[in-house]
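Enquirer: What follows is start-v8.pdb; its format and atoms are PDB, C-alpha atoms and all ligand atoms.
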ATOM      1  CA  MET C   8       0.000   0.000   0.000
ATOM      2  CA  PRO C   9       1.628   3.233  -1.126
ATOM      3  CA  ALA C  10       2.350   5.554   1.752
ATOM      4  CA  ASP C  11       2.299   8.646  -0.420
ATOM      5  CA  ASP C  12      -1.422   8.313  -0.916
ATOM      6  CA  VAL C  13      -2.119  11.300   1.286
ATOM      7  CA  ALA C  14       1.256  12.967   0.968
ATOM      8  CA  THR C  15       0.110  15.854  -1.163
ATOM      9  CA  LEU C  16      -1.099  19.055   0.381
ATOM     10  CA  ASP C  17      -1.783  20.693  -2.947
ATOM     11  CA  PRO C  18      -5.539  20.800  -3.563
ATOM     12  CA  ASP C  19      -4.981  21.193  -7.302
ATOM     13  CA  SER C  20      -3.050  17.951  -7.599
ATOM     14  CA  MET C  21      -5.314  15.805  -5.435
ATOM     15  CA  THR C  22      -7.461  13.169  -7.067
ATOM     16  CA  VAL C  23     -10.958  12.415  -5.826
ATOM     17  CA  ASP C  24      -9.652   9.100  -4.511
ATOM     18  CA  GLN C  25      -6.924  10.832  -2.576
ATOM     19  CA  VAL C  26      -9.418  13.264  -1.118
ATOM     20  CA  HIS C  27     -11.727  10.523   0.079
ATOM     21  CA  HIS C  28      -8.800   8.534   1.432
ATOM     22  CA  THR C  29      -7.546  11.587   3.266
ATOM     23  CA  MET C  30     -10.949  12.337   4.729
ATOM     24  CA  GLN C  31     -11.194   8.771   6.002
ATOM     25  CA  ALA C  32      -7.680   8.826   7.436
ATOM     26  CA  HIS C  33      -8.258  12.166   9.133
ATOM     27  CA  LEU C  34     -11.897  11.671  10.007
ATOM     28  CA  THR C  35     -11.415  12.600  13.641
ATOM     29  CA  CYS C  36      -8.870  15.331  13.066
ATOM     30  CA  ASP C  37      -9.486  18.962  13.830
ATOM     31  CA  THR C  38      -9.874  20.817  10.533
ATOM     32  CA  VAL C  39      -8.151  23.843  12.002
ATOM     33  CA  ARG C  40      -5.123  21.858  13.124
ATOM     34  CA  CYS C  41      -4.769  19.190  10.473
ATOM     35  CA  PRO C  42      -3.453  20.409   7.096
ATOM     36  CA  TYR C  43      -4.407  17.138   5.421
ATOM     37  CA  ARG C  44      -8.034  17.363   6.438
ATOM     38  CA  ARG C  45      -8.084  21.037   5.568
ATOM     39  CA  THR C  46      -6.685  20.410   2.103
ATOM     40  CA  ALA C  47      -9.109  17.575   1.442
ATOM     41  CA  LEU C  48     -11.998  19.759   2.520
ATOM     42  CA  GLN C  49     -10.822  22.513   0.211
ATOM     43  CA  VAL C  50     -11.044  20.151  -2.736
ATOM     44  CA  LEU C  51     -14.468  18.876  -1.738
ATOM     45  CA  VAL C  52     -15.823  22.391  -1.338
ATOM     46  CA  ARG C  53     -14.242  23.544  -4.598
ATOM     47  CA  ASP C  54     -15.817  20.648  -6.458
ATOM     48  CA  GLY C  55     -19.158  21.275  -4.821
ATOM     49  CA  ARG C  56     -19.145  17.884  -3.096
ATOM     50  CA  TYR C  57     -19.275  19.335   0.336
ATOM     51  CA  VAL C  58     -20.989  22.454   1.572
ATOM     52  CA  LEU C  59     -19.560  24.087   4.627
ATOM     53  CA  ALA C  60     -22.080  25.066   7.238
ATOM     54  CA  THR C  61     -22.329  28.822   7.142
ATOM     55  CA  ALA C  62     -25.384  29.321   9.313
TER      56      ALA C  62
HETATM   57 ZN    ZN A 101      -5.094  14.597  10.340
END
Could the structure of this file be written out as structure tokens, please?

Expert:
Amino acid sequence: MPADDVATLDPDSMTVDQVHHTMQAHLTCDTVRCPYRRTALQVLVRDGRYVLATA
């Protein structure tokens, strides 16, 4: 299993698979503290797959 699956922190170079893998791996992380979770979220929001709660 390749360890570099979640190594990228560049939202533009992340594949959908990588994003989902990252979200699973960092499911319990704090978005503010974890750059991996933050990056994955950025991609999801950019692609319209996830809507941040604004209310
Ligand atoms: Zn994390």

Enquirer: Please return as a PyMOL selection string the residues found within 7 Å of ligand ZN 101 (chain A), counting all atoms listed in the file.

Expert: chain C and resi 32-33+36+41-44

Enquirer: Using the chain letters and numbers from the file, give me the residues hit by the PyMOL selection byres (((chain C and resi 27) around 12) and not hetatm), as JSON, numbers by chain.

Expert: {"C": [12, 13, 21, 22, 23, 24, 25, 26, 28, 29, 30, 31, 32, 33, 34, 43, 44, 46, 47, 48, 50, 51, 56, 57]}

Enquirer: Might I get the box with edges along x, y and z of the file that holds all atoms of region 33-48 of chain C listed there, padded by 5 Å on every side, given as centre and edge lengths in Å to one decimal, as JSON?

Expert:
{"center_x": -7.7, "center_y": 17.8, "center_z": 7.6, "size_x": 18.5, "size_y": 22.2, "size_z": 22.4}

Enquirer: Smallest atom-to-atom distance to Ser20 (chain C): which of C:Gln49, C:Thr35, C:Arg40, C:Gly55, using all atoms listed in the file?

Expert: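 Of C:Gln49, C:Thr35, C:Arg40, C:Gly55, the one nearest Ser20 (chain C) is C:Gln49, counting all atoms listed in the file.
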